[in-house]
$ cat run-v2.tsv   # TSV, C-alpha atoms
chain	number	residue	atom	x	y	z
A	1202	MET	CA	5.68	-73.87	105.03
A	1203	SER	CA	7.19	-70.41	105.29
A	1204	THR	CA	10.95	-69.97	105.16
A	1205	ALA	CA	10.77	-66.54	106.77
A	1206	ALA	CA	12.74	-66.17	110.00
A	1207	PRO	CA	10.44	-66.63	113.00
A	1208	HIS	CA	9.95	-63.50	115.02
A	1209	GLY	CA	10.36	-63.31	118.75
A	1210	ALA	CA	13.53	-62.88	120.80
A	1211	PRO	CA	14.46	-61.88	124.38
A	1212	SER	CA	15.88	-58.60	123.04
A	1213	ASP	CA	12.64	-57.48	121.36
A	1214	PRO	CA	11.98	-53.85	122.41
A	1215	PHE	CA	8.36	-54.48	123.36
A	1216	ARG	CA	9.61	-56.40	126.41
A	1217	LEU	CA	11.02	-53.16	127.82
A	1218	PHE	CA	8.70	-50.49	126.49
A	1219	PHE	CA	5.30	-52.09	127.06
A	1220	PRO	CA	5.88	-52.43	130.83
A	1221	LEU	CA	7.30	-48.90	130.85
A	1222	GLY	CA	4.14	-47.64	129.14
A	1223	ILE	CA	1.97	-49.23	131.83
A	1224	VAL	CA	3.99	-47.55	134.58
A	1225	LEU	CA	3.88	-44.15	132.88
A	1226	GLY	CA	0.14	-44.46	132.25
A	1227	VAL	CA	-0.42	-45.15	135.94
A	1228	ALA	CA	1.67	-42.09	136.82
A	1229	GLY	CA	-0.29	-39.87	134.45
A	1230	VAL	CA	-3.79	-40.92	135.52
A	1231	SER	CA	-3.11	-41.15	139.26
A	1232	ILE	CA	-3.17	-37.36	139.64
A	1233	TRP	CA	-6.98	-37.26	139.58
A	1234	PRO	CA	-7.75	-39.74	142.38
A	1235	ALA	CA	-4.69	-38.48	144.32
A	1236	TYR	CA	-6.04	-34.93	144.25
A	1237	PHE	CA	-9.62	-35.94	145.06
A	1238	PHE	CA	-8.58	-38.01	148.08
A	1239	GLY	CA	-6.32	-35.25	149.39
A	1240	LEU	CA	-3.02	-37.01	148.73
A	1241	THR	CA	-1.75	-34.04	146.72
A	1242	PRO	CA	-2.50	-30.33	147.23
A	1243	GLY	CA	-3.17	-29.64	143.57
A	1244	PHE	CA	-3.00	-30.99	140.04
A	1245	SER	CA	-1.78	-29.97	136.61
A	1246	GLY	CA	-3.95	-30.90	133.66
A	1247	ARG	CA	-1.09	-29.82	131.40
A	1248	ALA	CA	1.33	-32.22	133.08
A	1249	HIS	CA	-1.28	-35.00	132.83
A	1250	ALA	CA	-1.67	-34.41	129.09
A	1251	PHE	CA	2.06	-34.57	128.36
A	1252	VAL	CA	2.67	-37.60	130.57
A	1253	GLN	CA	-0.09	-39.48	128.77
A	1254	ALA	CA	0.97	-38.41	125.26
A	1255	ASP	CA	4.77	-38.39	125.59
A	1256	GLY	CA	4.94	-41.17	128.16
A	1257	PHE	CA	2.09	-43.68	128.15
A	1258	LEU	CA	1.19	-43.54	124.46
A	1259	TYR	CA	4.72	-43.04	123.22
A	1260	ALA	CA	6.25	-45.93	125.18
A	1261	PHE	CA	3.85	-48.31	123.45
A	1262	VAL	CA	4.51	-46.61	120.10
A	1263	ALA	CA	8.27	-47.05	120.54
A	1264	GLY	CA	7.91	-50.65	121.70
A	1265	PHE	CA	5.73	-51.56	118.74
A	1266	LEU	CA	7.69	-49.74	116.03
A	1267	LEU	CA	11.12	-50.88	117.19
A	1268	THR	CA	9.81	-54.46	117.26
A	1269	ALA	CA	7.78	-54.35	114.03
A	1270	ILE	CA	10.06	-52.30	111.76
A	1271	PRO	CA	12.96	-54.78	111.97
A	1272	ARG	CA	10.47	-57.55	111.20
A	1273	PHE	CA	9.05	-55.74	108.17
A	1274	THR	CA	12.44	-54.66	106.83
A	1275	GLY	CA	14.38	-57.85	107.52
A	1276	THR	CA	16.84	-56.10	109.83
A	1277	ASP	CA	17.93	-56.40	113.46
A	1278	VAL	CA	16.35	-54.86	116.55
A	1279	PRO	CA	18.22	-52.07	118.38
A	1280	ARG	CA	20.85	-53.11	120.91
A	1281	ARG	CA	19.74	-53.38	124.52
A	1282	SER	CA	22.01	-50.48	125.52
A	1283	VAL	CA	20.22	-48.24	123.00
A	1284	GLN	CA	16.84	-49.39	124.28
A	1285	TYR	CA	17.83	-48.57	127.86
A	1286	ALA	CA	19.06	-45.12	126.85
A	1287	LEU	CA	15.77	-44.43	125.05
A	1288	ALA	CA	13.75	-45.65	128.03
A	1289	ALA	CA	15.81	-43.38	130.32
A	1290	LEU	CA	14.95	-40.38	128.14
A	1291	LEU	CA	11.23	-41.17	128.34
A	1292	ILE	CA	11.44	-41.58	132.12
A	1293	LEU	CA	13.29	-38.26	132.38
A	1294	ALA	CA	10.71	-36.54	130.19
A	1295	THR	CA	7.69	-37.81	132.10
A	1296	SER	CA	9.32	-37.21	135.50
A	1297	ALA	CA	10.01	-33.61	134.45
A	1298	PHE	CA	6.40	-33.18	133.31
A	1299	GLU	CA	5.14	-34.55	136.63
A	1300	VAL	CA	7.02	-31.81	138.53
A	1301	GLN	CA	6.07	-29.24	135.84
A	1302	ALA	CA	9.65	-28.74	134.61
A	1303	PHE	CA	8.29	-28.53	131.08
A	1304	ALA	CA	11.44	-27.27	129.38
A	1305	VAL	CA	13.43	-30.29	130.58
A	1306	GLY	CA	10.57	-32.63	129.72
A	1307	HIS	CA	10.16	-31.37	126.17
A	1308	LEU	CA	13.89	-31.42	125.50
A	1309	ALA	CA	14.16	-35.01	126.75
A	1310	PHE	CA	11.17	-36.10	124.68
A	1311	LEU	CA	12.56	-34.38	121.58
A	1312	ALA	CA	15.79	-36.35	122.05
A	1313	ALA	CA	13.83	-39.59	122.57
A	1314	HIS	CA	11.69	-39.10	119.48
A	1315	ALA	CA	14.70	-38.17	117.34
A	1316	THR	CA	16.37	-41.37	118.55
A	1317	VAL	CA	13.42	-43.52	117.45
A	1318	ILE	CA	13.41	-41.81	114.04
A	1319	VAL	CA	17.12	-42.47	113.55
A	1320	LEU	CA	16.73	-46.12	114.58
A	1321	ALA	CA	13.79	-46.60	112.21
A	1322	ALA	CA	15.47	-44.73	109.31
A	1323	ARG	CA	18.63	-46.83	109.57
A	1324	ARG	CA	16.62	-50.02	109.31
A	1325	PHE	CA	14.55	-48.73	106.43
A	1326	ARG	CA	17.70	-47.76	104.56
A	1327	ARG	CA	19.15	-51.27	105.02
A	1328	ARG	CA	15.84	-52.99	104.30
A	1329	ARG	CA	15.81	-56.38	102.57
A	1330	GLN	CA	12.00	-56.50	102.54
A	1331	THR	CA	9.33	-54.02	101.52
A	1332	PRO	CA	7.19	-52.65	104.39
A	1333	PRO	CA	3.39	-52.45	103.91
A	1334	ASP	CA	2.05	-49.59	101.76
A	1335	THR	CA	0.28	-47.95	104.68
A	1336	PHE	CA	3.59	-47.47	106.49
A	1337	VAL	CA	4.10	-44.26	104.51
A	1338	LEU	CA	1.61	-42.85	107.03
A	1339	VAL	CA	3.87	-44.09	109.82
A	1340	GLY	CA	6.77	-42.15	108.32
A	1341	ALA	CA	4.62	-39.05	107.96
A	1342	GLY	CA	3.45	-39.45	111.56
A	1343	MET	CA	6.98	-39.69	112.92
A	1344	ALA	CA	8.04	-36.61	110.95
A	1345	THR	CA	4.98	-34.73	112.21
A	1346	GLY	CA	5.81	-35.75	115.77
A	1347	LEU	CA	9.33	-34.36	115.38
A	1348	VAL	CA	7.90	-31.00	114.35
A	1349	GLY	CA	5.44	-31.05	117.25
A	1350	ALA	CA	8.15	-31.97	119.77
A	1351	ALA	CA	10.35	-29.16	118.44
A	1352	ILE	CA	7.50	-26.64	118.72
A	1353	ASN	CA	6.76	-27.71	122.30
A	1354	ALA	CA	10.43	-27.38	123.25
A	1355	ALA	CA	10.70	-24.00	121.55
A	1356	VAL	CA	7.63	-22.69	123.39
A	1357	ALA	CA	8.94	-24.02	126.71
A	1358	PHE	CA	12.28	-22.28	126.17
A	1359	GLU	CA	10.43	-19.10	125.06
A	1360	VAL	CA	11.91	-19.25	121.56
A	1361	LEU	CA	8.39	-19.35	120.12
A	1362	ALA	CA	5.41	-17.34	121.37
A	1363	PRO	CA	2.81	-19.14	123.56
A	1364	ARG	CA	0.29	-18.92	120.71
A	1365	TRP	CA	2.05	-21.91	119.12
A	1366	ASP	CA	1.49	-24.06	122.20
A	1367	THR	CA	-1.78	-25.64	121.06
A	1368	LEU	CA	-0.37	-26.47	117.63
A	1369	GLY	CA	2.61	-28.19	119.24
A	1370	ARG	CA	0.45	-30.27	121.57
A	1371	ARG	CA	-2.10	-31.25	118.94
A	1372	THR	CA	0.59	-32.08	116.37
A	1373	LEU	CA	1.72	-34.88	118.66
A	1374	THR	CA	-1.73	-36.33	119.37
A	1375	GLU	CA	-4.07	-35.48	116.49
A	1376	GLY	CA	-1.04	-35.52	114.19
A	1377	MET	CA	1.62	-38.08	115.03
A	1378	VAL	CA	-0.41	-40.63	117.00
A	1379	LEU	CA	-3.41	-40.35	114.68
A	1380	LEU	CA	-1.23	-40.90	111.58
A	1381	LEU	CA	0.42	-43.88	113.28
A	1382	VAL	CA	-3.03	-45.33	113.98
A	1383	LEU	CA	-3.99	-44.87	110.33
A	1384	GLY	CA	-0.71	-46.35	109.09
A	1385	VAL	CA	-0.43	-49.32	111.43
A	1386	GLY	CA	-4.18	-49.83	111.67
A	1387	GLY	CA	-4.65	-49.73	107.91
A	1388	PHE	CA	-2.38	-52.77	107.60
A	1389	LEU	CA	-2.64	-54.65	110.89
A	1390	GLY	CA	-6.27	-53.86	111.72
A	1391	PRO	CA	-7.93	-55.94	108.97
A	1392	ARG	CA	-5.71	-58.86	109.94
A	1393	LEU	CA	-6.60	-58.64	113.62
A	1394	LEU	CA	-10.27	-58.43	112.64
A	1395	GLY	CA	-9.90	-61.58	110.55
A	1396	PHE	CA	-10.57	-59.93	107.19
A	1397	ALA	CA	-7.10	-60.67	105.77
A	1398	PRO	CA	-4.19	-63.04	106.48
A	1399	MET	CA	-0.77	-61.83	107.55
A	1400	PRO	CA	1.47	-61.74	104.46
A	1401	VAL	CA	5.06	-62.90	104.34
A	1402	PRO	CA	7.21	-59.78	103.82
A	1403	GLN	CA	8.43	-59.53	100.23
A	1404	ILE	CA	12.04	-58.98	99.19
A	1405	ALA	CA	12.56	-55.30	98.34
A	1406	SER	CA	12.91	-54.52	94.63
A	1407	VAL	CA	14.88	-51.75	92.95
A	1408	THR	CA	11.62	-50.04	91.98
A	1409	PRO	CA	9.13	-50.60	94.84
A	1410	VAL	CA	5.52	-51.15	93.91
A	1411	LYS	CA	3.68	-47.92	94.83
A	1412	ARG	CA	0.08	-49.14	94.73
A	1413	ARG	CA	-1.85	-46.71	96.91
A	1414	THR	CA	1.16	-44.89	98.35
A	1415	SER	CA	0.19	-41.61	96.70
A	1416	LEU	CA	-3.27	-41.72	98.25
A	1417	TYR	CA	-1.84	-42.33	101.70
A	1418	LEU	CA	0.59	-39.44	101.22
A	1419	ALA	CA	-2.35	-37.23	100.25
A	1420	ALA	CA	-4.21	-38.33	103.40
A	1421	ALA	CA	-1.17	-37.45	105.53
A	1422	ALA	CA	-0.96	-34.05	103.84
A	1423	VAL	CA	-4.61	-33.32	104.65
A	1424	VAL	CA	-4.15	-34.30	108.31
A	1425	ILE	CA	-1.02	-32.18	108.70
A	1426	GLY	CA	-2.45	-29.25	106.74
A	1427	SER	CA	-5.65	-29.30	108.79
A	1428	LEU	CA	-3.65	-29.11	112.01
A	1429	VAL	CA	-1.65	-26.11	110.82
A	1430	GLY	CA	-4.77	-24.40	109.50
A	1431	GLN	CA	-6.89	-25.07	112.58
A	1432	TYR	CA	-4.46	-24.64	115.46
A	1433	GLY	CA	-1.92	-22.40	113.78
A	1434	LEU	CA	-4.15	-20.12	111.73
A	1435	GLY	CA	-7.44	-20.48	113.62
A	1436	PHE	CA	-9.56	-21.89	110.78
A	1437	GLU	CA	-11.78	-24.25	112.79
A	1438	PRO	CA	-13.70	-25.95	109.93
A	1439	LEU	CA	-10.51	-27.80	108.92
A	1440	ALA	CA	-11.26	-30.21	111.77
A	1441	TYR	CA	-13.93	-31.65	109.48
A	1442	ALA	CA	-11.32	-32.31	106.81
A	1443	ARG	CA	-9.26	-34.27	109.32
A	1444	ALA	CA	-12.28	-36.28	110.48
A	1445	ALA	CA	-13.23	-37.03	106.87
A	1446	THR	CA	-9.69	-38.20	106.14
A	1447	VAL	CA	-9.70	-40.49	109.17
A	1448	SER	CA	-12.95	-42.01	107.94
A	1449	ALA	CA	-11.69	-42.28	104.36
A	1450	VAL	CA	-8.67	-44.30	105.48
A	1451	LEU	CA	-10.24	-46.48	108.18
A	1452	LEU	CA	-13.63	-47.31	106.66
A	1453	PRO	CA	-12.41	-49.07	103.48
A	1454	THR	CA	-9.46	-50.78	105.17
A	1455	MET	CA	-11.07	-51.82	108.46
A	1456	LYS	CA	-14.71	-52.23	107.35
A	1457	PRO	CA	-15.99	-51.54	110.88
A	1458	TRP	CA	-19.63	-51.81	109.81
A	1459	ARG	CA	-19.01	-55.58	109.65
A	1460	ARG	CA	-18.69	-57.82	112.67
A	1461	PRO	CA	-15.11	-59.06	113.14
A	1462	ALA	CA	-14.56	-62.27	111.21
A	1463	SER	CA	-12.19	-63.41	113.95
A	1464	PRO	CA	-14.22	-64.20	117.11
A	1465	THR	CA	-11.58	-63.01	119.58
A	1466	THR	CA	-11.41	-60.43	122.34
A	1467	VAL	CA	-8.52	-58.77	120.49
A	1468	ALA	CA	-10.66	-58.39	117.36
A	1469	TRP	CA	-13.57	-56.83	119.28
A	1470	CYS	CA	-11.15	-54.50	121.07
A	1471	VAL	CA	-9.78	-53.32	117.71
A	1472	TRP	CA	-13.29	-52.97	116.28
A	1473	THR	CA	-14.43	-50.84	119.23
A	1474	GLY	CA	-11.26	-48.75	119.12
A	1475	VAL	CA	-11.69	-47.98	115.43
A	1476	TRP	CA	-15.24	-46.73	115.97
A	1477	LEU	CA	-14.06	-44.54	118.84
A	1478	VAL	CA	-11.29	-43.04	116.70
A	1479	ILE	CA	-13.82	-42.16	114.00
A	1480	ALA	CA	-16.43	-40.90	116.47
A	1481	GLY	CA	-13.91	-38.88	118.47
A	1482	SER	CA	-12.63	-37.15	115.33
A	1483	TRP	CA	-16.13	-36.10	114.26
A	1484	LEU	CA	-17.32	-35.10	117.75
A	1485	ALA	CA	-14.29	-32.84	118.28
A	1486	ALA	CA	-14.96	-31.19	114.91
A	1487	ALA	CA	-18.70	-30.77	115.43
A	1488	ALA	CA	-18.55	-29.42	119.00
A	1489	PRO	CA	-15.52	-27.10	119.29
A	1490	ALA	CA	-16.78	-25.76	122.63
A	1491	TYR	CA	-16.25	-29.25	124.06
A	1492	ARG	CA	-13.22	-30.19	121.97
A	1493	VAL	CA	-10.97	-31.08	124.90
A	1494	ASP	CA	-13.66	-33.33	126.36
A	1495	PHE	CA	-14.56	-35.08	123.11
A	1496	LEU	CA	-10.92	-35.56	122.21
A	1497	HIS	CA	-10.90	-37.96	125.17
A	1498	VAL	CA	-13.11	-40.20	123.02
A	1499	LEU	CA	-10.23	-40.29	120.55
A	1500	PHE	CA	-7.37	-40.50	123.06
A	1501	MET	CA	-8.78	-42.25	126.12
A	1502	GLY	CA	-11.11	-44.42	124.06
A	1503	GLY	CA	-9.78	-45.16	120.59
A	1504	PHE	CA	-6.03	-44.88	121.14
A	1505	THR	CA	-6.08	-46.75	124.46
A	1506	LEU	CA	-8.18	-49.68	123.21
A	1507	LEU	CA	-5.99	-50.05	120.13
A	1508	ILE	CA	-2.90	-50.05	122.37
A	1509	LEU	CA	-4.40	-52.79	124.55
A	1510	ALA	CA	-5.27	-54.92	121.53
A	1511	VAL	CA	-2.02	-54.48	119.58
A	1512	ALA	CA	0.15	-54.91	122.68
A	1513	THR	CA	-1.69	-58.15	123.47
A	1514	ARG	CA	-1.16	-59.50	119.94
A	1515	VAL	CA	2.51	-58.47	119.81
A	1516	THR	CA	3.24	-60.01	123.20
A	1517	LEU	CA	1.54	-63.28	122.32
A	1518	SER	CA	3.00	-63.51	118.82
A	1519	HIS	CA	6.56	-62.44	119.61
A	1520	GLY	CA	6.60	-64.10	123.02
A	1521	GLY	CA	6.08	-67.64	121.79
A	1522	HIS	CA	2.53	-67.92	123.13
A	1523	SER	CA	-0.49	-69.44	121.41
A	1524	LEU	CA	-2.81	-66.96	119.70
A	1525	GLU	CA	-5.68	-69.00	121.12
A	1526	ALA	CA	-5.21	-66.77	124.18
A	1527	GLU	CA	-6.79	-63.94	122.18
A	1528	ARG	CA	-10.19	-65.62	122.09
A	1529	ARG	CA	-11.53	-65.26	125.62
A	1530	ASN	CA	-8.93	-62.99	127.08
A	1531	TRP	CA	-10.38	-61.86	130.41
A	1532	PRO	CA	-7.58	-59.43	131.31
A	1533	LEU	CA	-8.13	-57.65	128.00
A	1534	ARG	CA	-11.91	-57.74	128.47
A	1535	LEU	CA	-11.58	-56.12	131.90
A	1536	GLY	CA	-9.10	-53.59	130.52
A	1537	MET	CA	-11.61	-52.70	127.79
A	1538	ALA	CA	-14.50	-52.48	130.23
A	1539	GLY	CA	-12.52	-50.28	132.60
A	1540	GLY	CA	-11.44	-48.00	129.78
A	1541	LEU	CA	-14.96	-47.59	128.39
A	1542	PHE	CA	-16.48	-46.94	131.82
A	1543	ALA	CA	-13.73	-44.43	132.61
A	1544	LEU	CA	-14.31	-42.71	129.26
A	1545	ALA	CA	-18.02	-42.34	130.00
A	1546	ALA	CA	-17.25	-40.89	133.45
A	1547	ARG	CA	-14.66	-38.46	132.03
A	1548	VAL	CA	-16.93	-37.14	129.30
A	1549	GLY	CA	-19.91	-37.08	131.66
A	1550	ALA	CA	-17.94	-34.97	134.17
A	1551	THR	CA	-18.07	-32.02	131.76
A	1552	PHE	CA	-21.85	-32.05	131.79
A	1553	THR	CA	-22.11	-32.63	135.56
A	1554	PRO	CA	-20.23	-29.66	137.04
A	1555	ASN	CA	-21.44	-30.34	140.59
A	1556	ALA	CA	-19.71	-33.73	140.51
A	1557	PHE	CA	-16.83	-32.85	138.20
A	1558	PHE	CA	-13.91	-33.91	140.39
A	1559	GLU	CA	-15.80	-36.89	141.78
A	1560	LEU	CA	-16.27	-38.22	138.25
A	1561	LEU	CA	-12.66	-37.48	137.31
A	1562	ALA	CA	-11.53	-39.46	140.35
A	1563	LEU	CA	-13.93	-42.29	139.49
A	1564	ALA	CA	-12.69	-42.32	135.89
A	1565	GLY	CA	-9.10	-42.44	137.11
A	1566	VAL	CA	-9.66	-45.26	139.60
A	1567	VAL	CA	-11.58	-47.44	137.11
A	1568	TRP	CA	-9.07	-46.77	134.30
A	1569	LEU	CA	-6.21	-47.67	136.61
A	1570	ALA	CA	-7.93	-50.85	137.77
A	1571	GLY	CA	-8.61	-52.03	134.23
A	1572	VAL	CA	-5.17	-51.19	132.84
A	1573	LEU	CA	-3.37	-52.66	135.85
A	1574	PHE	CA	-5.34	-55.92	135.69
A	1575	TRP	CA	-4.54	-56.20	131.98
A	1576	GLY	CA	-0.98	-55.00	132.53
A	1577	VAL	CA	-0.14	-57.59	135.19
A	1578	ALA	CA	-1.34	-60.35	132.85
A	1579	LEU	CA	0.72	-58.85	130.02
A	1580	LEU	CA	3.83	-58.70	132.23
A	1581	ARG	CA	3.41	-62.38	133.09
A	1582	LEU	CA	3.41	-63.17	129.38
A	1583	ILE	CA	6.43	-60.95	128.72
A	1584	VAL	CA	8.59	-62.57	131.40
A	1585	GLY	CA	7.40	-66.04	130.44
A	1586	ARG	CA	8.25	-68.07	127.37
A	1587	THR	CA	10.90	-66.52	125.10
A	1588	GLU	CA	11.54	-69.08	122.36
A	1589	PRO	CA	10.19	-68.04	118.96
A	1590	PRO	CA	6.87	-69.49	117.83
A	1591	ARG	CA	6.52	-71.74	114.83
A	1592	ALA	CA	6.62	-69.79	111.60
A	1593	PRO	CA	3.10	-69.29	110.14
A	1594	ASP	CA	1.80	-71.52	107.40
A	1595	VAL	CA	1.62	-69.96	103.95
A	1596	VAL	CA	-1.33	-70.20	101.62
A	1597	ASP	CA	-0.85	-68.70	98.15
A	1598	GLY	CA	2.23	-66.85	99.32
A	1599	ARG	CA	0.59	-65.32	102.37
A	1600	GLY	CA	0.97	-66.20	106.04
A	1601	ALA	CA	-1.99	-67.54	107.92
A	1602	ALA	CA	-1.29	-65.81	111.19
A	1603	GLY	CA	0.59	-62.90	112.73
$ encode --input "run-v2.tsv" --output "structure tokens"
Amino acid sequence: MSTAAPHGAPSDPFRLFFPLGIVLGVAGVSIWPAYFFGLTPGFSGRAHAFVQADGFLYAFVAGFLLTAIPRFTGTDVPRRSVQYALAALLILATSAFEVQAFAVGHLAFLAAHATVIVLAARRFRRRRQTPPDTFVLVGAGMATGLVGAAINAAVAFEVLAPRWDTLGRRTLTEGMVLLLVLGVGGFLGPRLLGFAPMPVPQIASVTPVKRRTSLYLAAAAVVIGSLVGQYGLGFEPLAYARAATVSAVLLPTMKPWRRPASPTTVAWCVWTGVWLVIAGSWLAAAAPAYRVDFLHVLFMGGFTLLILAVATRVTLSHGGHSLEAERRNWPLRLGMAGGLFALAARVGATFTPNAFFELLALAGVVWLAGVLFWGVALLRLIVGRTEPPRAPDVVDGRGAAG
């Protein structure tokens, strides 16, 4: 049996930030059906983009990282007061974006992201266990996000010229979030797919084992360099380098050409999300005229499905619930189905100009229905059982479950 401390406590950050992410996602997507049905006089696609990236996606990112990093480093989770302060910053940022007060929104998000970096860095510095190798990509992603948030704030305050706007926005999504997907997915993905067991974290040594750290750093450098070259210098072909790097990291680690070895809804959700991340990266590179539309395959498809899957696993595992609930998880299945249908409607709207807003509204309504159905089920799990689950069995020094 494992002697590792069981994970799962009432103060785990996911309990606050996952519900917050659901609320912010609803706020960001509601603009399309609200406009179509005449509830609002207009809409802002720019506000929608920042609410989804800096609100919906980031709330789940913060909830996962601030729950997982203490587990992987053998340290404590942030105090509740710190969690509330961080949540308040994200609410301020997204509220400001909704009313198009972009300077306030970007400044609040910059403060929120810097807070998460400080919290993570303190725990890494005090680590008693060695995080997974792929987490070097997580560090690179967080650093990239800090640069992107600073660029966005500088543009909003007219310190930088508007030409840097696209680089700032894409550095957060195709930079930070993509690197986080590669870093977290490269480790957790194979385990959710059933291709590898969850290991017991190892005690940190004076000279950490590097293994493939250099290769992951090189991958991060290519992603970051391609963003600067493409969106900062206008060299479009670098999008192919980024797509190739995404494939080079995900294909050998996730093996998506194989059926998931674990016959669960969570596994199939991860499998589908990985393919959408790869496909979205290549489509955006191959069709620059439709980049914004095909990036929805990456964001609305890949990122969202991975969030649904990982949030489900974290809530079950850290909430003291049986992982058997992953097998035929109907809330997650309906969340997946809603997300995929909404993605098809959103991409199809570009090629159906006569029904553009109708399809955007349809995509929004179906996305909201799926995420809310899944979200209500997730909330019931979060407010339910709080005692830690039994520590996983160990076979040959590795845990059997997450």
$ atom_distance --input "run-v2.tsv" --atom1 "atom CA of Ala1228 of chain A" --atom2 "atom CA of Ala1294 of chain A"
12.5 Å
$ atom_distance --input "run-v2.tsv" --atom1 "atom CA of His1307 of chain A" --atom2 "atom CA of Ala1357 of chain A"
7.5 Å
$ closest_atom_pairs --input "run-v2.tsv" --of "segment 1501-1587 of chain A" --to "segment 1375-1391 of chain A" --cutoff "12 Å" --atoms "only C-alpha atoms" --output "tab-separated table"
residue	atom	partner	partner_atom	distance
A:Gly1503	CA	A:Val1382	CA	9.4
A:Phe1504	CA	A:Val1382	CA	7.8
A:Thr1505	CA	A:Val1382	CA	11.0
A:Leu1506	CA	A:Val1382	CA	11.4
A:Leu1507	CA	A:Val1382	CA	8.3
A:Ile1508	CA	A:Val1382	CA	9.6
A:Ala1510	CA	A:Gly1390	CA	9.9
A:Val1511	CA	A:Leu1389	CA	8.7
A:Arg1514	CA	A:Leu1389	CA	10.4
A:Val1515	CA	A:Leu1389	CA	11.0
$ closest_residue --input "run-v2.tsv" --among "A:Arg1371, A:Arg1328, A:Arg1392, A:Arg1528" --to "Gly1349 of chain A" --atoms "all atoms listed in the file"
A:Arg1371
$ atom_distance --input "run-v2.tsv" --atom1 "atom CA of Pro1234 of chain A" --atom2 "atom CA of Thr1513 of chain A"
27.1 Å
$ closest_residue --input "run-v2.tsv" --among "A:Val1478, A:Val1467, A:Leu1544, A:Ala1422" --to "Val1337 of chain A" --atoms "only C-alpha atoms"
A:Ala1422
$ residues_near_point --input "run-v2.tsv" --point "(-12.7, -63.3, 114.3)" --cutoff "6 Å" --atoms "all atoms listed in the file" --output "MDAnalysis selection string"
chainID A and resid 1394:1395 1461:1465
$ closest_atom_pairs --input "run-v2.tsv" --of "segment 1285-1351 of chain A" --to "segment 1428-1448 of chain A" --cutoff "12 Å" --atoms "only C-alpha atoms" --output "tab-separated table"
residue	atom	partner	partner_atom	distance
A:Leu1338	CA	A:Val1447	CA	11.8
A:Thr1345	CA	A:Leu1428	CA	10.3
A:Val1348	CA	A:Val1429	CA	11.3
A:Gly1349	CA	A:Leu1428	CA	10.7
$ decode --input "run-v2.tsv" --residues "segment 1426-1439 of chain A" --atoms "N, CA and C atoms" --output "PDB file, in the first residue's frame"
ATOM      1  N   GLY A1426       8.647  31.030 -29.991  1.00  0.00           N
ATOM      2  CA  GLY A1426       9.285  31.692 -31.125  1.00  0.00           C
ATOM      3  C   GLY A1426       8.358  31.815 -32.317  1.00  0.00           C
ATOM      4  N   SER A1427       7.530  30.786 -32.540  1.00  0.00           N
ATOM      5  CA  SER A1427       6.597  30.842 -33.674  1.00  0.00           C
ATOM      6  C   SER A1427       5.534  31.919 -33.468  1.00  0.00           C
ATOM      7  N   LEU A1428       5.122  32.128 -32.241  1.00  0.00           N
ATOM      8  CA  LEU A1428       4.148  33.179 -31.953  1.00  0.00           C
ATOM      9  C   LEU A1428       4.730  34.563 -32.230  1.00  0.00           C
ATOM     10  N   VAL A1429       5.948  34.776 -31.759  1.00  0.00           N
ATOM     11  CA  VAL A1429       6.602  36.072 -31.982  1.00  0.00           C
ATOM     12  C   VAL A1429       6.824  36.297 -33.475  1.00  0.00           C
ATOM     13  N   GLY A1430       7.296  35.256 -34.160  1.00  0.00           N
ATOM     14  CA  GLY A1430       7.558  35.393 -35.588  1.00  0.00           C
ATOM     15  C   GLY A1430       6.299  35.596 -36.408  1.00  0.00           C
ATOM     16  N   GLN A1431       5.240  34.882 -36.064  1.00  0.00           N
ATOM     17  CA  GLN A1431       4.003  34.973 -36.842  1.00  0.00           C
ATOM     18  C   GLN A1431       3.216  36.239 -36.538  1.00  0.00           C
ATOM     19  N   TYR A1432       2.924  36.466 -35.259  1.00  0.00           N
ATOM     20  CA  TYR A1432       2.046  37.579 -34.902  1.00  0.00           C
ATOM     21  C   TYR A1432       2.790  38.878 -34.612  1.00  0.00           C
ATOM     22  N   GLY A1433       4.081  38.760 -34.319  1.00  0.00           N
ATOM     23  CA  GLY A1433       4.858  39.971 -34.088  1.00  0.00           C
ATOM     24  C   GLY A1433       5.572  40.467 -35.324  1.00  0.00           C
ATOM     25  N   LEU A1434       6.087  39.530 -36.132  1.00  0.00           N
ATOM     26  CA  LEU A1434       6.872  39.895 -37.305  1.00  0.00           C
ATOM     27  C   LEU A1434       6.159  39.601 -38.614  1.00  0.00           C
ATOM     28  N   GLY A1435       5.022  38.931 -38.560  1.00  0.00           N
ATOM     29  CA  GLY A1435       4.225  38.699 -39.761  1.00  0.00           C
ATOM     30  C   GLY A1435       4.679  37.558 -40.632  1.00  0.00           C
ATOM     31  N   PHE A1436       5.467  36.617 -40.098  1.00  0.00           N
ATOM     32  CA  PHE A1436       5.931  35.482 -40.896  1.00  0.00           C
ATOM     33  C   PHE A1436       4.970  34.308 -40.680  1.00  0.00           C
ATOM     34  N   GLU A1437       3.958  34.225 -41.528  1.00  0.00           N
ATOM     35  CA  GLU A1437       2.849  33.283 -41.361  1.00  0.00           C
ATOM     36  C   GLU A1437       3.252  31.805 -41.341  1.00  0.00           C
ATOM     37  N   PRO A1438       4.241  31.363 -42.152  1.00  0.00           N
ATOM     38  CA  PRO A1438       4.552  29.930 -42.173  1.00  0.00           C
ATOM     39  C   PRO A1438       4.973  29.349 -40.828  1.00  0.00           C
ATOM     40  N   LEU A1439       5.325  30.195 -39.858  1.00  0.00           N
ATOM     41  CA  LEU A1439       5.723  29.672 -38.553  1.00  0.00           C
ATOM     42  C   LEU A1439       4.562  28.980 -37.829  1.00  0.00           C
TER      43      LEU A1439
END
